[in-house]
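entry11.pdb (PDB, C-alpha atoms) appears below.
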ATOM      1  CA  MET A   1      -4.152 -13.432  15.151  1.00  0.00           C
ATOM      2  CA  ILE A   2      -3.111 -10.452  17.273  1.00  0.00           C
ATOM      3  CA  THR A   3      -3.633  -6.845  16.254  1.00  0.00           C
ATOM      4  CA  LEU A   4      -1.303  -4.329  17.841  1.00  0.00           C
ATOM      5  CA  GLY A   5      -2.524  -0.792  17.918  1.00  0.00           C
ATOM      6  CA  LEU A   6      -1.166   2.220  19.713  1.00  0.00           C
ATOM      7  CA  LYS A   7      -4.087   2.146  22.154  1.00  0.00           C
ATOM      8  CA  ASN A   8      -4.716  -1.560  22.755  1.00  0.00           C
ATOM      9  CA  ILE A   9      -3.940  -5.171  22.019  1.00  0.00           C
ATOM     10  CA  ILE A  10      -6.874  -7.360  21.001  1.00  0.00           C
ATOM     11  CA  ALA A  11      -7.283 -10.873  19.660  1.00  0.00           C
ATOM     12  CA  LYS A  12      -8.395 -10.956  16.050  1.00  0.00           C
ATOM     13  CA  GLN A  13      -9.415 -13.754  13.687  1.00  0.00           C
ATOM     14  CA  ARG A  14      -7.930 -14.067  10.204  1.00  0.00           C
ATOM     15  CA  GLY A  15     -10.195 -12.768   7.478  1.00  0.00           C
ATOM     16  CA  PRO A  16     -12.369  -9.682   7.212  1.00  0.00           C
ATOM     17  CA  THR A  17     -14.725  -8.825  10.040  1.00  0.00           C
ATOM     18  CA  LEU A  18     -17.977  -6.949   9.524  1.00  0.00           C
ATOM     19  CA  GLU A  19     -16.190  -3.763  10.572  1.00  0.00           C
ATOM     20  CA  GLY A  20     -13.360  -4.582   8.185  1.00  0.00           C
ATOM     21  CA  LEU A  21     -15.756  -5.196   5.328  1.00  0.00           C
ATOM     22  CA  GLN A  22     -17.478  -1.898   6.020  1.00  0.00           C
ATOM     23  CA  GLY A  23     -14.092  -0.166   6.055  1.00  0.00           C
ATOM     24  CA  LEU A  24     -13.066  -1.792   2.777  1.00  0.00           C
ATOM     25  CA  SER A  25     -16.422  -0.902   1.297  1.00  0.00           C
ATOM     26  CA  GLU A  26     -15.916   2.711   2.313  1.00  0.00           C
ATOM     27  CA  VAL A  27     -12.444   2.718   0.742  1.00  0.00           C
ATOM     28  CA  ALA A  28     -13.893   1.201  -2.422  1.00  0.00           C
ATOM     29  CA  LYS A  29     -16.656   3.805  -2.614  1.00  0.00           C
ATOM     30  CA  ARG A  30     -14.162   6.636  -2.212  1.00  0.00           C
ATOM     31  CA  LEU A  31     -11.895   5.151  -4.883  1.00  0.00           C
ATOM     32  CA  GLU A  32     -14.828   4.549  -7.214  1.00  0.00           C
ATOM     33  CA  MET A  33     -15.930   8.180  -7.004  1.00  0.00           C
ATOM     34  CA  SER A  34     -12.606   9.639  -8.012  1.00  0.00           C
ATOM     35  CA  SER A  35     -11.595   9.670 -11.666  1.00  0.00           C
ATOM     36  CA  GLU A  36      -8.228  11.028 -10.491  1.00  0.00           C
ATOM     37  CA  VAL A  37      -7.620   7.881  -8.437  1.00  0.00           C
ATOM     38  CA  LYS A  38      -8.665   5.701 -11.387  1.00  0.00           C
ATOM     39  CA  GLN A  39      -6.130   7.528 -13.565  1.00  0.00           C
ATOM     40  CA  THR A  40      -3.462   7.118 -10.882  1.00  0.00           C
ATOM     41  CA  LEU A  41      -4.247   3.399 -10.611  1.00  0.00           C
ATOM     42  CA  SER A  42      -3.952   3.043 -14.395  1.00  0.00           C
ATOM     43  CA  GLU A  43      -0.556   4.776 -14.316  1.00  0.00           C
ATOM     44  CA  THR A  44       0.534   2.560 -11.405  1.00  0.00           C
ATOM     45  CA  VAL A  45      -0.402  -0.571 -13.351  1.00  0.00           C
ATOM     46  CA  ALA A  46       1.408   0.680 -16.456  1.00  0.00           C
ATOM     47  CA  TRP A  47       4.515   1.602 -14.435  1.00  0.00           C
ATOM     48  CA  CYS A  48       4.633  -1.728 -12.567  1.00  0.00           C
ATOM     49  CA  LEU A  49       4.067  -3.809 -15.689  1.00  0.00           C
ATOM     50  CA  ASN A  50       7.110  -2.079 -17.208  1.00  0.00           C
ATOM     51  CA  ARG A  51       9.301  -3.115 -14.246  1.00  0.00           C
ATOM     52  CA  SER A  52      11.151  -6.411 -13.939  1.00  0.00           C
ATOM     53  CA  VAL A  53       8.961  -8.540 -11.666  1.00  0.00           C
ATOM     54  CA  HIS A  54      11.609 -11.157 -10.932  1.00  0.00           C
ATOM     55  CA  SER A  55      14.193  -8.751  -9.547  1.00  0.00           C
ATOM     56  CA  ASN A  56      11.717  -7.219  -7.074  1.00  0.00           C
ATOM     57  CA  ASN A  57      12.235  -3.939  -8.884  1.00  0.00           C
ATOM     58  CA  PHE A  58       9.252  -2.117  -7.362  1.00  0.00           C
ATOM     59  CA  ARG A  59      11.327   0.250  -5.212  1.00  0.00           C
ATOM     60  CA  SER A  60      12.690   2.489  -7.925  1.00  0.00           C
ATOM     61  CA  SER A  61      14.985   5.349  -6.973  1.00  0.00           C
ATOM     62  CA  GLU A  62      12.840   7.709  -9.067  1.00  0.00           C
ATOM     63  CA  LEU A  63       9.820   7.204  -6.800  1.00  0.00           C
ATOM     64  CA  ASP A  64      11.625   6.787  -3.448  1.00  0.00           C
ATOM     65  CA  PRO A  65       9.556   8.699  -0.830  1.00  0.00           C
ATOM     66  CA  SER A  66      12.037   8.340   2.056  1.00  0.00           C
ATOM     67  CA  THR A  67      12.780  12.074   2.317  1.00  0.00           C
ATOM     68  CA  VAL A  68       9.069  12.855   2.743  1.00  0.00           C
ATOM     69  CA  LEU A  69       8.572  10.119   5.342  1.00  0.00           C
ATOM     70  CA  LYS A  70      11.056  11.541   7.836  1.00  0.00           C
ATOM     71  CA  ILE A  71       9.337  12.860  10.958  1.00  0.00           C
ATOM     72  CA  ARG A  72      10.515  13.959  14.360  1.00  0.00           C
ATOM     73  CA  PRO A  73      10.964  11.251  17.019  1.00  0.00           C
ATOM     74  CA  PHE A  74       7.979  10.062  19.051  1.00  0.00           C
ATOM     75  CA  ASP A  75       9.490  11.117  22.400  1.00  0.00           C
ATOM     76  CA  GLU A  76      10.011  14.643  21.076  1.00  0.00           C
ATOM     77  CA  LEU A  77       6.439  15.075  19.809  1.00  0.00           C
ATOM     78  CA  GLY A  78       4.101  13.116  22.046  1.00  0.00           C
ATOM     79  CA  ILE A  79       1.513  10.652  20.784  1.00  0.00           C
ATOM     80  CA  ASP A  80      -1.042  13.028  19.233  1.00  0.00           C
ATOM     81  CA  MET A  81       1.454  15.154  17.321  1.00  0.00           C
ATOM     82  CA  TRP A  82       3.481  12.121  16.248  1.00  0.00           C
ATOM     83  CA  LEU A  83       0.370  10.419  14.824  1.00  0.00           C
ATOM     84  CA  LYS A  84      -0.654  13.624  13.046  1.00  0.00           C
ATOM     85  CA  GLU A  85       2.790  14.084  11.477  1.00  0.00           C
ATOM     86  CA  LYS A  86       3.019  10.397  10.568  1.00  0.00           C
ATOM     87  CA  ARG A  87      -0.358  10.464   8.761  1.00  0.00           C
ATOM     88  CA  GLU A  88       0.522  13.713   6.985  1.00  0.00           C
ATOM     89  CA  SER A  89       3.871  12.263   5.882  1.00  0.00           C
ATOM     90  CA  TYR A  90       2.140   9.218   4.374  1.00  0.00           C
ATOM     91  CA  GLN A  91      -0.306  11.454   2.510  1.00  0.00           C
ATOM     92  CA  LEU A  92       2.557  13.617   1.188  1.00  0.00           C
ATOM     93  CA  ALA A  93       4.575  10.536   0.225  1.00  0.00           C
ATOM     94  CA  ILE A  94       1.716   9.023  -1.791  1.00  0.00           C
ATOM     95  CA  SER A  95       1.090  12.374  -3.488  1.00  0.00           C
ATOM     96  CA  ALA A  96       4.786  12.681  -4.380  1.00  0.00           C
ATOM     97  CA  ILE A  97       4.934   9.098  -5.680  1.00  0.00           C
ATOM     98  CA  ASN A  98       1.848   9.664  -7.837  1.00  0.00           C
ATOM     99  CA  ALA A  99       3.088  12.965  -9.259  1.00  0.00           C
ATOM    100  CA  ASN A 100       6.547  11.579 -10.057  1.00  0.00           C
ATOM    101  CA  ARG A 101       5.156   8.369 -11.558  1.00  0.00           C
ATOM    102  CA  SER A 102       2.682  10.314 -13.722  1.00  0.00           C
ATOM    103  CA  THR A 103       5.505  12.441 -15.103  1.00  0.00           C
ATOM    104  CA  LEU A 104       7.724   9.413 -15.730  1.00  0.00           C
ATOM    105  CA  VAL A 105       4.938   7.465 -17.453  1.00  0.00           C
ATOM    106  CA  ARG A 106       4.253  10.455 -19.714  1.00  0.00           C
ATOM    107  CA  ASP A 107       7.919  11.267 -20.422  1.00  0.00           C
ATOM    108  CA  ARG A 108       8.836   7.647 -21.160  1.00  0.00           C
ATOM    109  CA  CYS A 109       5.763   7.180 -23.367  1.00  0.00           C
ATOM    110  CA  ILE A 110       4.561   4.197 -21.323  1.00  0.00           C
ATOM    111  CA  GLU A 111       1.122   3.147 -22.483  1.00  0.00           C
ATOM    112  CA  VAL A 112      -1.364   3.723 -19.658  1.00  0.00           C
ATOM    113  CA  ALA A 113      -3.454   0.716 -18.707  1.00  0.00           C
ATOM    114  CA  ASP A 114      -7.195   0.770 -19.359  1.00  0.00           C
ATOM    115  CA  PRO A 115      -8.973   1.027 -15.974  1.00  0.00           C
ATOM    116  CA  ALA A 116     -11.394  -1.698 -17.083  1.00  0.00           C
ATOM    117  CA  VAL A 117      -8.630  -4.311 -17.325  1.00  0.00           C
ATOM    118  CA  THR A 118      -6.476  -3.431 -14.312  1.00  0.00           C
ATOM    119  CA  GLY A 119      -8.300  -6.008 -12.184  1.00  0.00           C
ATOM    120  CA  SER A 120      -7.337  -8.844 -14.501  1.00  0.00           C
ATOM    121  CA  LYS A 121      -3.643  -8.009 -14.235  1.00  0.00           C
ATOM    122  CA  GLY A 122      -3.311  -7.821 -10.462  1.00  0.00           C
ATOM    123  CA  ARG A 123      -4.899  -7.333  -7.052  1.00  0.00           C
ATOM    124  CA  LEU A 124      -5.430  -4.463  -4.647  1.00  0.00           C
ATOM    125  CA  LEU A 125      -3.729  -4.518  -1.278  1.00  0.00           C
ATOM    126  CA  LEU A 126      -4.415  -2.448   1.840  1.00  0.00           C
ATOM    127  CA  TYR A 127      -1.595  -1.630   4.257  1.00  0.00           C
ATOM    128  CA  GLU A 128      -2.235  -0.052   7.647  1.00  0.00           C
ATOM    129  CA  PRO A 129       1.147   1.537   8.440  1.00  0.00           C
ATOM    130  CA  LEU A 130       0.366   2.477  12.032  1.00  0.00           C
ATOM    131  CA  GLU A 131      -0.427  -1.147  12.923  1.00  0.00           C
ATOM    132  CA  ASN A 132       2.858  -2.887  12.048  1.00  0.00           C
ATOM    133  CA  VAL A 133       5.410  -4.383  14.456  1.00  0.00           C
ATOM    134  CA  ALA A 134       8.549  -4.325  12.272  1.00  0.00           C
ATOM    135  CA  ASP A 135       9.427  -7.962  13.006  1.00  0.00           C
ATOM    136  CA  GLY A 136      10.539  -8.897   9.477  1.00  0.00           C
ATOM    137  CA  ALA A 137       8.197 -11.891   9.120  1.00  0.00           C
ATOM    138  CA  SER A 138       6.350 -10.486   6.113  1.00  0.00           C
ATOM    139  CA  GLU A 139       9.566  -9.269   4.531  1.00  0.00           C
ATOM    140  CA  PHE A 140      11.210 -12.697   4.793  1.00  0.00           C
ATOM    141  CA  SER A 141       8.151 -14.703   3.741  1.00  0.00           C
ATOM    142  CA  SER A 142       7.398 -12.474   0.744  1.00  0.00           C
ATOM    143  CA  GLN A 143      11.032 -12.667  -0.446  1.00  0.00           C
ATOM    144  CA  GLY A 144      11.435  -8.922   0.026  1.00  0.00           C
ATOM    145  CA  PHE A 145       8.188  -7.691  -1.474  1.00  0.00           C
ATOM    146  CA  PHE A 146       7.259  -6.222   1.921  1.00  0.00           C
ATOM    147  CA  ASP A 147       9.884  -4.327   3.902  1.00  0.00           C
ATOM    148  CA  ILE A 148      10.776  -4.640   7.596  1.00  0.00           C
ATOM    149  CA  GLU A 149       7.725  -2.503   8.500  1.00  0.00           C
ATOM    150  CA  ASP A 150       5.371  -4.654   6.377  1.00  0.00           C
ATOM    151  CA  ALA A 151       5.084  -1.897   3.757  1.00  0.00           C
ATOM    152  CA  PRO A 152       4.543  -2.821   0.119  1.00  0.00           C
ATOM    153  CA  PRO A 153       7.015  -1.346  -2.375  1.00  0.00           C
ATOM    154  CA  TRP A 154       6.374   2.331  -3.086  1.00  0.00           C
ATOM    155  CA  ASP A 155       6.116   1.821  -6.850  1.00  0.00           C
ATOM    156  CA  THR A 156       2.881  -0.130  -6.241  1.00  0.00           C
ATOM    157  CA  CYS A 157       1.232   2.444  -3.937  1.00  0.00           C
ATOM    158  CA  PHE A 158      -1.332   4.858  -5.335  1.00  0.00           C
ATOM    159  CA  ALA A 159      -3.762   6.038  -2.607  1.00  0.00           C
ATOM    160  CA  TYR A 160      -3.861   6.915   1.083  1.00  0.00           C
ATOM    161  CA  ILE A 161      -7.371   6.713   2.499  1.00  0.00           C
ATOM    162  CA  LYS A 162      -8.390   6.829   6.154  1.00  0.00           C
ATOM    163  CA  GLY A 163      -5.047   5.595   7.433  1.00  0.00           C
ATOM    164  CA  SER A 164      -4.608   2.831   4.827  1.00  0.00           C
ATOM    165  CA  ILE A 165      -2.229   2.808   1.905  1.00  0.00           C
ATOM    166  CA  VAL A 166      -3.735   1.195  -1.180  1.00  0.00           C
ATOM    167  CA  SER A 167      -1.395  -0.498  -3.621  1.00  0.00           C
ATOM    168  CA  TRP A 168      -1.670  -2.588  -6.763  1.00  0.00           C
ATOM    169  CA  VAL A 169       0.035  -5.995  -6.825  1.00  0.00           C
ATOM    170  CA  PRO A 170       0.921  -7.548 -10.202  1.00  0.00           C
ATOM    171  CA  GLU A 171      -0.468 -11.063 -10.679  1.00  0.00           C
ATOM    172  CA  ALA A 172       3.070 -12.431 -11.097  1.00  0.00           C
ATOM    173  CA  VAL A 173       3.908 -11.747  -7.420  1.00  0.00           C
ATOM    174  CA  VAL A 174       0.546 -12.509  -5.781  1.00  0.00           C
ATOM    175  CA  ASN A 175       1.847 -15.779  -4.278  1.00  0.00           C
ATOM    176  CA  GLN A 176       4.852 -13.996  -2.738  1.00  0.00           C
ATOM    177  CA  VAL A 177       2.550 -11.342  -1.308  1.00  0.00           C
ATOM    178  CA  GLN A 178       0.140 -13.964   0.066  1.00  0.00           C
ATOM    179  CA  ALA A 179       3.048 -15.634   1.860  1.00  0.00           C
ATOM    180  CA  GLY A 180       3.892 -12.285   3.456  1.00  0.00           C
ATOM    181  CA  ILE A 181       0.272 -11.698   4.479  1.00  0.00           C
ATOM    182  CA  ASP A 182       0.083 -15.182   6.003  1.00  0.00           C
ATOM    183  CA  ALA A 183       3.270 -14.587   8.024  1.00  0.00           C
ATOM    184  CA  ASN A 184       2.168 -11.175   9.282  1.00  0.00           C
ATOM    185  CA  PRO A 185       1.389 -11.437  13.016  1.00  0.00           C
ATOM    186  CA  VAL A 186      -0.738  -8.281  13.257  1.00  0.00           C
ATOM    187  CA  ASP A 187      -2.955  -8.346  10.143  1.00  0.00           C
ATOM    188  CA  CYS A 188      -1.845  -4.903   8.947  1.00  0.00           C
ATOM    189  CA  ILE A 189      -1.749  -6.039   5.300  1.00  0.00           C
ATOM    190  CA  HIS A 190      -4.707  -7.588   3.498  1.00  0.00           C
ATOM    191  CA  TRP A 191      -6.325  -7.889   0.083  1.00  0.00           C
ATOM    192  CA  CYS A 192      -9.083  -5.583  -1.074  1.00  0.00           C
ATOM    193  CA  ASP A 193     -11.714  -7.280  -3.219  1.00  0.00           C
ATOM    194  CA  TRP A 194     -12.034  -5.899  -6.764  1.00  0.00           C
ATOM    195  CA  GLN A 195     -15.756  -6.658  -6.694  1.00  0.00           C
ATOM    196  CA  ARG A 196     -16.184  -3.789  -4.266  1.00  0.00           C
ATOM    197  CA  PHE A 197     -15.192  -1.331  -7.020  1.00  0.00           C
TER     198      PHE A 197
END
Rendering of file as structure tokens:
Amino acid sequence: MITLGLKNIIAKQRGPTLEGLQGLSEVAKRLEMSSEVKQTLSETVAWCLNRSVHSNNFRSSELDPSTVLKIRPFDELGIDMWLKEKRESYQLAISAINANRSTLVRDRCIEVADPAVTGSKGRLLLYEPLENVADGASEFSSQGFFDIEDAPPWDTCFAYIKGSIVSWVPEAVVNQVQAGIDANPVDCIHWCDWQRF
């Protein structure tokens, strides 16, 4: 496996490394501490379970963050400023998605999932947006669950922590998602173990 970063290219084995496990553990600890994130996860689960799984309907127009994700071109900003703006745009996008989803769940009287059972209905996925290569392999292999930049659908996303977007994947599409992960040449998408929470 090859990991492409903005600073280097290094060979990488499939599966979590010790550093990766420590990073996932840190993400898990931060998620575990926040009741706000638990509430957001519960709303994400409720929202996604009310979507049609078979039509890949996890990119709803109501939660579309594309206007927030627009940043100035790399050659105009330089590397440091571009990275800063990119990270800030992801944080703003996740915040906007969460706020809009919370309002929609409330206004549509969608029953919010119990945090204790969210693990039995799906899996957590980590996406490192600054590590993708936009080759379309994950998009094709996952039958459109991932997009051209290896991003999971925005309806499933609920947290942005230390450069990783955390999303919830319904059990019904786990096999599709696994196919996308397996096809990904840079390991920028991977599962997060529920046992760490």
Legend entry - Explicit residues for the PyMOL selection byres ((chain A and resi 174-182) around 8) (as a count of residues only): 21
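The interatomic distance for the pair atom CA of Cys109 of chain A and atom CA of Trp47 of chain A works out to 10.6 Å.
With all atoms listed in the file as the basis for measurement, A:Gly136 is the residue among A:Pro73, A:Pro185, A:Gly136, A:Pro129 that approaches Ile148 of chain A most closely.
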Legend entry - Using all atoms listed in the file: which of A:Val166, A:Cys188, A:Val45, A:Ala96 has the shortest distance to Leu69 of chain A: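 The closest residue to Leu69 of chain A is A:Ala96.
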Inset, instruction - Can you work out the spacing between atom CA of Thr44 of chain A and atom CA of Cys192 of chain A in Å, to one decimal? - result: 16.3 Å
Legend entry - Residue IDs satisfying the PyMOL selection byres ((chain A and resi 132) around 7), as a ChimeraX atom specification: /A:129-131,133-134,149-150,186,188
Legend entry - Selection dump of the PyMOL selection byres ((chain A and resi 58) around 6), as a PyMOL selection string: chain A and resi 56-57+59-60+153+155
Could the residues in this selection be saved with C-alpha atoms as a PDB file, in the coordinates of the input?
ATOM      1  CA  ASN A  56      11.717  -7.219  -7.074  1.00  0.00           C
ATOM      2  CA  ASN A  57      12.235  -3.939  -8.884  1.00  0.00           C
ATOM      3  CA  ARG A  59      11.327   0.250  -5.212  1.00  0.00           C
ATOM      4  CA  SER A  60      12.690   2.489  -7.925  1.00  0.00           C
ATOM      5  CA  PRO A 153       7.015  -1.346  -2.375  1.00  0.00           C
ATOM      6  CA  ASP A 155       6.116   1.821  -6.850  1.00  0.00           C
TER       7      ASP A 155
END
Mind giving me the axis-aligned box for segment 56-65 of chain A with 4 Å on every side, centre plus edges in Å to one decimal, as AutoDock Vina command-line options?
--center_x 12.1 --center_y 0.7 --center_z -4.9 --size_x 13.7 --size_y 23.9 --size_z 16.2
Inset, instruction - Go ahead and compute the interatomic distance for atom CA of Leu125 of chain A and atom CA of Tyr160 of chain A, in Å to one decimal. - result: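 Computed distance, atom CA of Leu125 of chain A to atom CA of Tyr160 of chain A, equals 11.7 Å.
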Legend entry - Nearby residues (only C-alpha atoms) at most 12 Å from Ser95 of chain A, same-chain spacing under 3 positions excluded, as an MDAnalysis selection string: chainID A and resid 36:37 40 63:65 68:69 88:92 98:102 154 157:161 165
Save out the residues we just selected, C-alpha atoms, as a compact mmCIF listing (two decimals), in the frame of the given file.
# COMPACT_ATOMS: atom_id res chain seq x y z
CA GLU A 36 -8.23 11.03 -10.49
CA VAL A 37 -7.62 7.88 -8.44
CA THR A 40 -3.46 7.12 -10.88
CA LEU A 63 9.82 7.20 -6.80
CA ASP A 64 11.62 6.79 -3.45
CA PRO A 65 9.56 8.70 -0.83
CA VAL A 68 9.07 12.86 2.74
CA LEU A 69 8.57 10.12 5.34
CA GLU A 88 0.52 13.71 6.98
CA SER A 89 3.87 12.26 5.88
CA TYR A 90 2.14 9.22 4.37
CA GLN A 91 -0.31 11.45 2.51
CA LEU A 92 2.56 13.62 1.19
CA ASN A 98 1.85 9.66 -7.84
CA ALA A 99 3.09 12.96 -9.26
CA ASN A 100 6.55 11.58 -10.06
CA ARG A 101 5.16 8.37 -11.56
CA SER A 102 2.68 10.31 -13.72
CA TRP A 154 6.37 2.33 -3.09
CA CYS A 157 1.23 2.44 -3.94
CA PHE A 158 -1.33 4.86 -5.34
CA ALA A 159 -3.76 6.04 -2.61
CA TYR A 160 -3.86 6.92 1.08
CA ILE A 161 -7.37 6.71 2.50
CA ILE A 165 -2.23 2.81 1.90
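Using all atoms listed in the file, the nearest neighbour of Arg108 of chain A within the list A:Leu83, A:Ala151, A:Leu126, A:Ala46 is A:Ala46.
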Inset, instruction - Can you work out which one of A:Lys162, A:Ser167, A:Lys86, A:Val105 has the shortest atom-to-atom distance to Ile71 of chain A, counting only C-alpha atoms? - result: A:Lys86
